[in-house]
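Trainee: See structure_25.cif below, with mmCIF, C-alpha atoms.
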data_final
loop_
_atom_site.label_atom_id
_atom_site.label_comp_id
_atom_site.auth_asym_id
_atom_site.auth_seq_id
_atom_site.Cartn_x
_atom_site.Cartn_y
_atom_site.Cartn_z
CA MET A 1473 154.63 131.76 215.30
CA SER A 1474 151.05 133.08 215.35
CA MET A 1475 152.36 136.44 216.60
CA LEU A 1476 154.24 136.99 213.33
CA SER A 1477 152.72 138.17 210.06
CA GLU A 1478 152.64 135.79 207.10
CA SER A 1479 155.23 138.00 205.42
CA MET A 1480 157.60 137.64 208.38
CA GLN A 1481 157.14 133.89 208.37
CA ASP A 1482 157.88 133.78 204.63
CA TYR A 1483 161.09 135.75 205.14
CA LEU A 1484 162.31 133.37 207.84
CA LYS A 1485 161.44 130.33 205.75
CA THR A 1486 163.15 131.74 202.66
CA ILE A 1487 166.30 132.70 204.60
CA TYR A 1488 166.48 129.12 205.88
CA GLU A 1489 165.94 127.59 202.45
CA ILE A 1490 168.49 129.78 200.67
CA GLY A 1491 171.12 129.47 203.39
CA GLU A 1492 170.39 125.83 204.22
CA GLY A 1493 169.93 126.89 207.82
CA ALA A 1494 173.48 128.12 208.43
CA ASP A 1495 174.95 130.28 205.65
CA ARG A 1496 174.51 134.02 205.43
CA VAL A 1497 172.02 135.14 202.80
CA THR A 1498 172.32 138.35 200.80
CA THR A 1499 169.54 140.90 200.52
CA ASN A 1500 169.64 140.55 196.72
CA ALA A 1501 169.11 136.78 196.94
CA LEU A 1502 166.11 137.35 199.21
CA ALA A 1503 164.72 140.06 196.95
CA ASP A 1504 164.98 137.78 193.90
CA MET A 1505 163.39 134.81 195.67
CA LEU A 1506 160.52 136.80 197.21
CA GLY A 1507 159.93 139.09 194.24
CA VAL A 1508 160.35 142.33 196.21
CA THR A 1509 162.78 145.25 196.18
CA ALA A 1510 166.08 145.25 198.04
CA ALA A 1511 164.82 148.23 200.05
CA SER A 1512 161.79 146.20 201.21
CA VAL A 1513 164.09 143.36 202.24
CA THR A 1514 166.30 145.69 204.24
CA GLY A 1515 163.31 147.13 206.08
CA MET A 1516 161.97 143.69 207.00
CA LEU A 1517 165.37 142.40 208.10
CA LYS A 1518 165.74 145.32 210.49
CA LYS A 1519 162.36 144.43 212.04
CA LEU A 1520 163.29 140.76 212.35
CA ALA A 1521 166.65 141.71 213.88
CA GLU A 1522 164.88 143.82 216.51
CA MET A 1523 162.80 140.74 217.35
CA LYS A 1524 166.00 138.67 217.75
CA LEU A 1525 164.95 136.33 214.93
CA VAL A 1526 167.88 137.15 212.62
CA GLU A 1527 171.36 138.58 212.81
CA TYR A 1528 171.62 141.25 210.15
CA GLU A 1529 174.51 143.47 209.15
CA PRO A 1530 174.29 145.79 206.11
CA TYR A 1531 176.38 144.47 203.21
CA GLN A 1532 177.17 141.33 205.23
CA GLY A 1533 173.89 139.48 204.71
CA VAL A 1534 171.61 137.81 207.22
CA VAL A 1535 171.54 134.57 209.20
CA LEU A 1536 168.79 133.15 211.40
CA THR A 1537 169.11 133.06 215.15
CA LEU A 1538 168.07 129.85 216.93
CA ALA A 1539 164.64 131.39 217.57
CA GLY A 1540 164.29 132.37 213.91
CA GLN A 1541 165.40 128.94 212.76
CA LYS A 1542 162.81 127.27 214.99
CA ILE A 1543 160.02 129.30 213.41
CA ALA A 1544 161.34 128.72 209.88
CA LEU A 1545 161.40 124.96 210.41
CA GLU A 1546 157.88 125.04 211.85
CA VAL A 1547 156.60 126.78 208.71
CA ILE A 1548 158.48 124.33 206.48
CA ARG A 1549 157.09 121.40 208.49
CA HIS A 1550 153.54 122.71 208.03
CA HIS A 1551 154.12 123.24 204.31
CA ARG A 1552 155.55 119.82 203.56
CA LEU A 1553 153.06 117.92 205.72
CA THR A 1554 150.25 119.79 204.01
CA GLU A 1555 151.60 118.90 200.57
CA LEU A 1556 151.72 115.23 201.52
CA TYR A 1557 148.26 115.29 203.07
CA LEU A 1558 146.83 116.88 199.93
CA THR A 1559 148.31 114.15 197.73
CA GLU A 1560 147.81 111.14 200.01
CA ALA A 1561 144.45 111.92 201.60
CA MET A 1562 142.77 114.27 199.14
CA GLY A 1563 143.99 113.03 195.77
CA PHE A 1564 145.72 116.18 194.57
CA SER A 1565 148.42 115.63 191.96
CA TRP A 1566 151.92 116.62 193.06
CA ASP A 1567 152.07 119.57 190.66
CA ARG A 1568 149.10 121.29 192.35
CA VAL A 1569 149.96 121.11 196.06
CA HIS A 1570 152.70 123.73 196.42
CA GLU A 1571 150.47 126.79 196.03
CA GLU A 1572 147.79 125.28 198.29
CA ALA A 1573 150.40 124.56 200.96
CA GLU A 1574 151.81 128.08 200.65
CA ARG A 1575 148.44 129.40 201.81
CA LEU A 1576 147.71 126.78 204.46
CA GLU A 1577 151.16 126.67 206.10
CA HIS A 1578 150.41 129.91 207.97
CA ALA A 1579 146.93 128.92 209.11
CA ILE A 1580 147.30 125.52 210.73
CA SER A 1581 148.26 124.98 214.37
CA GLU A 1582 150.93 122.68 215.74
CA GLU A 1583 148.19 120.37 216.97
CA PHE A 1584 146.74 120.22 213.47
CA ALA A 1585 150.19 119.49 212.02
CA ASP A 1586 150.77 116.75 214.60
CA LYS A 1587 147.46 115.08 213.73
CA MET A 1588 148.26 115.23 210.01
CA SER A 1589 151.64 113.66 210.68
CA ALA A 1590 150.13 110.87 212.78
CA LEU A 1591 147.46 110.19 210.17
CA LEU A 1592 150.15 109.91 207.49
CA GLY A 1593 152.32 107.58 209.59
CA ASP A 1594 154.89 110.20 210.67
CA PRO A 1595 156.37 110.57 207.17
CA LYS A 1596 159.97 111.64 206.57
CA THR A 1597 159.54 113.28 203.15
CA ASP A 1598 156.98 115.27 201.21
CA PRO A 1599 155.61 114.25 197.77
CA HIS A 1600 158.59 115.83 196.02
CA GLY A 1601 161.18 114.06 198.18
CA SER A 1602 162.15 116.97 200.45
CA PRO A 1603 162.68 116.10 204.14
CA ILE A 1604 159.91 117.01 206.58
CA PRO A 1605 161.33 118.63 209.74
CA SER A 1606 160.44 116.81 212.95
CA LYS A 1607 158.40 118.50 215.66
CA ASP A 1608 161.56 119.10 217.69
CA GLY A 1609 163.24 120.92 214.80
CA HIS A 1610 165.44 118.18 213.37
CA VAL A 1611 165.64 118.04 209.59
CA ALA A 1612 167.48 115.36 207.64
CA SER A 1613 170.14 116.40 205.16
CA SER A 1614 169.19 116.40 201.51
CA SER A 1615 171.27 116.09 198.39
CA GLN A 1616 172.54 119.19 196.61
CA THR A 1617 173.75 117.20 193.58
CA ALA A 1618 171.69 117.95 190.48
CA LEU A 1619 171.10 115.34 187.79
CA SER A 1620 172.70 117.78 185.35
CA ASP A 1621 176.04 117.36 187.19
CA VAL A 1622 176.17 113.55 187.17
CA PRO A 1623 178.98 112.06 185.01
CA ILE A 1624 178.20 109.86 182.02
CA GLY A 1625 177.87 106.21 182.99
CA GLU A 1626 176.99 106.82 186.65
CA THR A 1627 173.77 105.46 188.13
CA VAL A 1628 171.98 107.56 190.75
CA GLN A 1629 168.66 107.59 192.57
CA VAL A 1630 166.33 110.57 192.38
CA GLU A 1631 165.90 112.04 195.85
CA ARG A 1632 163.89 115.22 195.43
CA ILE A 1633 162.60 117.70 192.87
CA SER A 1634 162.12 121.46 193.18
CA ASP A 1635 158.40 121.94 193.72
CA GLU A 1636 157.70 125.58 192.85
CA ASN A 1637 157.00 125.10 189.12
CA PRO A 1638 153.93 122.98 188.25
CA ALA A 1639 154.94 122.64 184.58
CA LEU A 1640 158.37 121.35 185.63
CA LEU A 1641 156.78 118.75 187.91
CA ARG A 1642 154.49 117.55 185.12
CA SER A 1643 157.48 117.18 182.80
CA VAL A 1644 159.45 115.27 185.45
CA ALA A 1645 156.55 112.90 186.10
CA ALA A 1646 156.07 112.26 182.38
CA LEU A 1647 159.74 111.21 182.15
CA GLY A 1648 159.46 108.94 185.20
CA LEU A 1649 162.09 110.95 187.09
CA VAL A 1650 160.22 110.82 190.41
CA PRO A 1651 161.68 110.18 193.89
CA ARG A 1652 163.26 106.71 194.22
CA ALA A 1653 163.66 106.33 190.44
CA MET A 1654 167.02 104.91 189.35
CA VAL A 1655 168.72 106.85 186.55
CA THR A 1656 171.85 106.25 184.51
CA ILE A 1657 173.40 109.03 182.42
CA THR A 1658 174.12 107.51 179.01
CA ALA A 1659 175.14 110.54 176.94
CA ARG A 1660 175.30 114.33 176.76
CA ASN A 1661 174.41 116.35 173.71
CA PRO A 1662 175.96 119.83 173.97
CA GLU A 1663 174.38 120.89 170.68
CA ASN A 1664 170.84 120.86 172.05
CA ASN A 1665 171.81 121.01 175.74
CA ARG A 1666 170.14 117.73 176.66
CA LEU A 1667 171.02 114.56 178.57
CA SER A 1668 170.24 111.02 177.49
CA VAL A 1669 169.28 108.86 180.45
CA ALA A 1670 168.04 105.33 181.17
CA VAL A 1671 165.31 105.24 183.83
CA GLY A 1672 164.61 102.08 185.84
CA GLN A 1673 166.37 99.17 187.52
CA ALA A 1674 169.25 97.57 185.64
CA ASN A 1675 167.51 94.18 185.43
CA THR A 1676 164.23 95.59 184.06
CA ASP A 1677 163.15 97.16 180.80
CA ARG A 1678 164.65 100.60 181.18
CA GLN A 1679 163.08 103.66 179.59
CA GLN A 1680 165.39 105.77 177.44
CA GLN A 1681 164.65 109.45 177.93
CA SER A 1682 166.01 112.76 176.69
CA VAL A 1683 166.11 115.44 179.40
CA GLU A 1684 166.64 119.15 178.98
CA HIS A 1685 169.65 120.37 180.96
CA ALA A 1686 167.51 123.15 182.47
CA LEU A 1687 165.08 120.51 183.77
CA ALA A 1688 167.86 118.27 185.11
CA GLU A 1689 169.13 121.19 187.21
CA HIS A 1690 165.99 120.90 189.36
CA ILE A 1691 166.25 117.13 189.95
CA PHE A 1692 168.46 116.24 192.91
CA VAL A 1693 170.00 112.80 193.23
CA ARG A 1694 172.09 110.55 195.46
CA ALA A 1695 174.63 107.89 194.58
CA THR A 1696 173.14 104.39 194.62
CA SER A 1697 173.83 101.80 197.32
CA THR A 1698 176.07 99.94 194.87
CA SER A 1699 178.52 102.82 195.05
CA GLY A 1700 178.72 102.67 198.82
CA HIS A 1701 175.96 105.09 199.72
CA HIS A 1702 172.46 104.37 200.96
CA PRO A 1703 169.81 106.57 199.38
CA SER A 1704 166.93 107.77 201.50
CA GLY A 1705 163.45 106.33 201.15
CA HIS A 1706 160.61 108.45 199.80
CA HIS A 1707 156.92 108.34 199.12
CA PRO A 1708 156.45 108.15 195.33
CA PRO A 1709 154.25 111.03 194.21
CA SER A 1710 150.93 110.76 192.41
CA LYS A 1711 151.56 111.46 188.77
CA PRO A 1712 149.42 114.12 187.12
#
Would you write the structure of this file as C-alpha cells?

Mentor:
Amino acid sequence: MSMLSESMQDYLKTIYEIGEGADRVTTNALADMLGVTAASVTGMLKKLAEMKLVEYEPYQGVVLTLAGQKIALEVIRHHRLTELYLTEAMGFSWDRVHEEAERLEHAISEEFADKMSALLGDPKTDPHGSPIPSKDGHVASSSQTALSDVPIGETVQVERISDENPALLRSVAALGLVPRAMVTITARNPENNRLSVAVGQANTDRQQQSVEHALAEHIFVRATSTSGHHPSGHHPPSKP
C-alpha cells in the first residue's frame, strides 16, 4: 500500500464503499463522491487498471480486482481503527474523528494498526457502528436499511450512522439515535417531512423524538431480536 499515492488509495477505498466491494461503480458516482471531474476519474482509473488494481471499461464502470480490494480494505481498516482509538483512548468526540482519520489512514503501518487493534480489544466496529475489516480482509455485512424506510409501528436497533458530516453526528447524538439504541417509528408527518420516534427499551421511559427525514436517511438499522433477527453489538460512541 505504501507504494501507492494517497489519491490512489482514496480511489480504491471509495470504489469499495460505493460498490460494497462487488458492484460496478460509475465514473460519475466517483466524481461526485471525490469532488473531482469525470475526466480526472477516467485518467486515474486507467492508471489503476494498468496496475491490475481495478477492471475498468469506458461507459461500463469500474470494479476492484482482488488486489485492489485488499488495499481498499486495509485503508478502511486503518481509518476505522483510528476513529475508535481517537474516541476511546484520546477522548475525541465522535463528530471530530472522521477528518483526523482521513489524514492518518495513509500514514500508519500495518504493525501500528495491529497494535491499536490489540490495545482496543480487537474491536468489531468503529464509533459510528461501521464494521472494522479484519487483518485478513474479512468484513462483516452491515445493514443498508435506513431509519427513514422503516414502517410505522416497527421497532429496530440502530446499527451505524454515516460519519462524514459532523453536524449530522451531533444531531444524531442529541436525539439519542446512537449505535445499539432501540427505536420505534410512531408516526410520519408528510407535511414537514419528519418522523416521530420513541427511543429506548420498551420497559423503560422512552424518549419521544421528532426526526427530519433527511437525517433518518443516514441512520442505518436492523430488525430487533424479537422479530427473529439478532442485531450486531457495537461500542456506543462518546456524545459531543

Trainee: Just so the selection is clear, what residues does the PyMOL selection byres ((chain A and resi 1624-1635) around 6) cover here, as JSON, numbers by chain?

Mentor: {"A": [1600, 1601, 1602, 1623, 1636, 1637, 1651, 1652, 1653, 1654, 1655, 1656, 1657, 1658, 1659, 1690, 1691, 1692, 1693, 1694, 1695, 1696]}

Trainee: Using all atoms listed in the file, pick whichever of A:Glu1529, A:Glu1684, A:Asp1482, A:Glu1492 has the shortest atom-to-atom distance to Leu1506 (chain A).

Mentor: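 The closest residue to Leu1506 (chain A) is A:Asp1482.
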
Trainee: Could you check how far CA of Val1669 (chain A) sits from CA of Gln1681 (chain A), in Å to one decimal?

Mentor: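 CA of Gln1681 (chain A) lies 5.3 Å from CA of Val1669 (chain A).
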
Trainee: I need the residue nearest Asp1608 (chain A) from this list: A:Leu1640, A:Leu1591, A:Ile1580, A:Leu1545. Use only C-alpha atoms for the distance.

Mentor: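 For Asp1608 (chain A), the nearest of the given residues is A:Leu1545.
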
Trainee: Just the residues within 7 Å of region 1603-1607 of chain A, please, counting all atoms listed in the file, with nothing from its chain fewer than 3 positions along; format it as an MDAnalysis selection string.

Mentor: chainID A and resid 1545 1549 1552:1553 1596:1598 1610:1612

Trainee: Near Ala1544 (chain A), within 12 Å and counting only C-alpha atoms, which residues show up once chain neighbours fewer than 6 positions away are dropped, as a PyMOL selection string?

Mentor: chain A and resi 1473+1476+1478-1493+1525-1526+1535-1538+1550-1551+1577-1578+1605+1609-1611

Trainee: For CA of Ala1618 (chain A) and CA of Glu1689 (chain A), determine how far apart the two atoms are, in Å to one decimal place.

Mentor: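 Taking CA of Ala1618 (chain A) as the start and CA of Glu1689 (chain A) as the end point, the length is 5.3 Å.
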
Trainee: Calculated over all atoms listed in the file, which of the candidates A:Thr1498, A:Ile1548, A:Ser1512, A:Asp1677 has the smallest distance to Tyr1531 (chain A)?

Mentor: A:Thr1498

Trainee: So that I can see what lies close to Lys1518 (chain A), please list as number ranges by chain the residues with an atom at most 10 Å from it, counting all atoms listed in the file and leaving out residues fewer than 5 positions away in the same chain.

Mentor: A: 1513, 1523-1524, 1526-1530

Trainee: Counting all atoms listed in the file, figure out which residue out of A:Leu1687, A:Leu1517, A:Leu1667, A:Ala1511 gets nearest to Val1644 (chain A).

Mentor: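 Smallest distance to Val1644 (chain A) is found for A:Leu1687.
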
Trainee: Please list as a PyMOL selection string every residue within 10 Å of Leu1556 (chain A), counting all atoms listed in the file and excluding residues in the same chain fewer than 3 positions away.

Mentor: chain A and resi 1551-1553+1559-1564+1566+1569-1570+1573+1588-1589+1592+1595+1597-1600+1604+1707+1709

Trainee: If you measure from CA of Arg1666 (chain A) to CA of Arg1678 (chain A), what distance in Å do you get, rounded to one decimal?

Mentor: 18.5 Å

Trainee: Calculate, to one decimal in Å, the centre and edge lengths of the box along x, y and z of the file that holds all listed atoms of region 1486-1490 of chain A with 5 Å of margin on each side, and present them as lines of an AutoDock Vina configuration file.

Mentor:
center_x = 165.8
center_y = 130.1
center_z = 203.3
size_x = 15.3
size_y = 15.1
size_z = 15.2

Trainee: Which residue out of A:Ala1501, A:Val1622, A:Ala1494, A:Leu1641 has the minimum interatomic distance to Arg1568 (chain A) when all atoms listed in the file are used?

Mentor: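 Once distances to Arg1568 (chain A) are computed over all atoms listed in the file, the minimum belongs to A:Leu1641.
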
Trainee: When distances are computed from all atoms listed in the file, which of A:Ala1590, A:Ala1688, A:Ala1646, A:Ile1543 shows the smallest separation from Ser1477 (chain A)?

Mentor: A:Ile1543

Trainee: Restore N, CA and C atoms in region 1588-1607 of chain A and list the result as a PDB file, in the frame of the given file.

Mentor:
ATOM      1  N   MET A1588     147.982 115.590 211.402  1.00  0.00           N
ATOM      2  CA  MET A1588     148.260 115.230 210.010  1.00  0.00           C
ATOM      3  C   MET A1588     149.417 114.241 209.939  1.00  0.00           C
ATOM      4  N   SER A1589     150.471 114.533 210.686  1.00  0.00           N
ATOM      5  CA  SER A1589     151.640 113.660 210.680  1.00  0.00           C
ATOM      6  C   SER A1589     151.290 112.262 211.154  1.00  0.00           C
ATOM      7  N   ALA A1590     150.513 112.181 212.249  1.00  0.00           N
ATOM      8  CA  ALA A1590     150.130 110.870 212.780  1.00  0.00           C
ATOM      9  C   ALA A1590     149.257 110.117 211.791  1.00  0.00           C
ATOM     10  N   LEU A1591     148.337 110.812 211.148  1.00  0.00           N
ATOM     11  CA  LEU A1591     147.460 110.190 210.170  1.00  0.00           C
ATOM     12  C   LEU A1591     148.237 109.628 208.984  1.00  0.00           C
ATOM     13  N   LEU A1592     149.328 110.317 208.630  1.00  0.00           N
ATOM     14  CA  LEU A1592     150.150 109.910 207.490  1.00  0.00           C
ATOM     15  C   LEU A1592     151.240 108.908 207.873  1.00  0.00           C
ATOM     16  N   GLY A1593     151.313 108.548 209.158  1.00  0.00           N
ATOM     17  CA  GLY A1593     152.320 107.580 209.590  1.00  0.00           C
ATOM     18  C   GLY A1593     153.665 108.214 209.892  1.00  0.00           C
ATOM     19  N   ASP A1594     153.652 109.468 210.352  1.00  0.00           N
ATOM     20  CA  ASP A1594     154.890 110.200 210.670  1.00  0.00           C
ATOM     21  C   ASP A1594     155.894 110.125 209.521  1.00  0.00           C
ATOM     22  N   PRO A1595     155.524 110.660 208.365  1.00  0.00           N
ATOM     23  CA  PRO A1595     156.370 110.570 207.170  1.00  0.00           C
ATOM     24  C   PRO A1595     157.665 111.368 207.303  1.00  0.00           C
ATOM     25  N   LYS A1596     158.664 110.969 206.540  1.00  0.00           N
ATOM     26  CA  LYS A1596     159.970 111.640 206.570  1.00  0.00           C
ATOM     27  C   LYS A1596     160.149 112.608 205.412  1.00  0.00           C
ATOM     28  N   THR A1597     159.380 112.431 204.324  1.00  0.00           N
ATOM     29  CA  THR A1597     159.540 113.280 203.150  1.00  0.00           C
ATOM     30  C   THR A1597     158.198 113.700 202.596  1.00  0.00           C
ATOM     31  N   ASP A1598     158.203 114.800 201.859  1.00  0.00           N
ATOM     32  CA  ASP A1598     156.980 115.270 201.210  1.00  0.00           C
ATOM     33  C   ASP A1598     156.843 114.613 199.829  1.00  0.00           C
ATOM     34  N   PRO A1599     155.800 114.932 199.058  1.00  0.00           N
ATOM     35  CA  PRO A1599     155.610 114.250 197.770  1.00  0.00           C
ATOM     36  C   PRO A1599     156.747 114.446 196.769  1.00  0.00           C
ATOM     37  N   HIS A1600     157.517 115.525 196.955  1.00  0.00           N
ATOM     38  CA  HIS A1600     158.590 115.830 196.020  1.00  0.00           C
ATOM     39  C   HIS A1600     159.947 115.341 196.511  1.00  0.00           C
ATOM     40  N   GLY A1601     159.945 114.640 197.659  1.00  0.00           N
ATOM     41  CA  GLY A1601     161.180 114.060 198.180  1.00  0.00           C
ATOM     42  C   GLY A1601     161.939 114.909 199.181  1.00  0.00           C
ATOM     43  N   SER A1602     161.452 116.103 199.493  1.00  0.00           N
ATOM     44  CA  SER A1602     162.150 116.970 200.450  1.00  0.00           C
ATOM     45  C   SER A1602     161.873 116.504 201.879  1.00  0.00           C
ATOM     46  N   PRO A1603     162.867 116.576 202.767  1.00  0.00           N
ATOM     47  CA  PRO A1603     162.680 116.100 204.140  1.00  0.00           C
ATOM     48  C   PRO A1603     161.696 116.964 204.920  1.00  0.00           C
ATOM     49  N   ILE A1604     160.852 116.308 205.712  1.00  0.00           N
ATOM     50  CA  ILE A1604     159.910 117.010 206.580  1.00  0.00           C
ATOM     51  C   ILE A1604     160.567 117.193 207.951  1.00  0.00           C
ATOM     52  N   PRO A1605     160.737 118.429 208.412  1.00  0.00           N
ATOM     53  CA  PRO A1605     161.330 118.630 209.740  1.00  0.00           C
ATOM     54  C   PRO A1605     160.491 117.947 210.823  1.00  0.00           C
ATOM     55  N   SER A1606     161.151 117.413 211.834  1.00  0.00           N
ATOM     56  CA  SER A1606     160.440 116.810 212.950  1.00  0.00           C
ATOM     57  C   SER A1606     159.879 117.903 213.847  1.00  0.00           C
ATOM     58  N   LYS A1607     159.016 117.522 214.764  1.00  0.00           N
ATOM     59  CA  LYS A1607     158.400 118.500 215.660  1.00  0.00           C
ATOM     60  C   LYS A1607     159.442 119.201 216.518  1.00  0.00           C
TER      61      LYS A1607
END
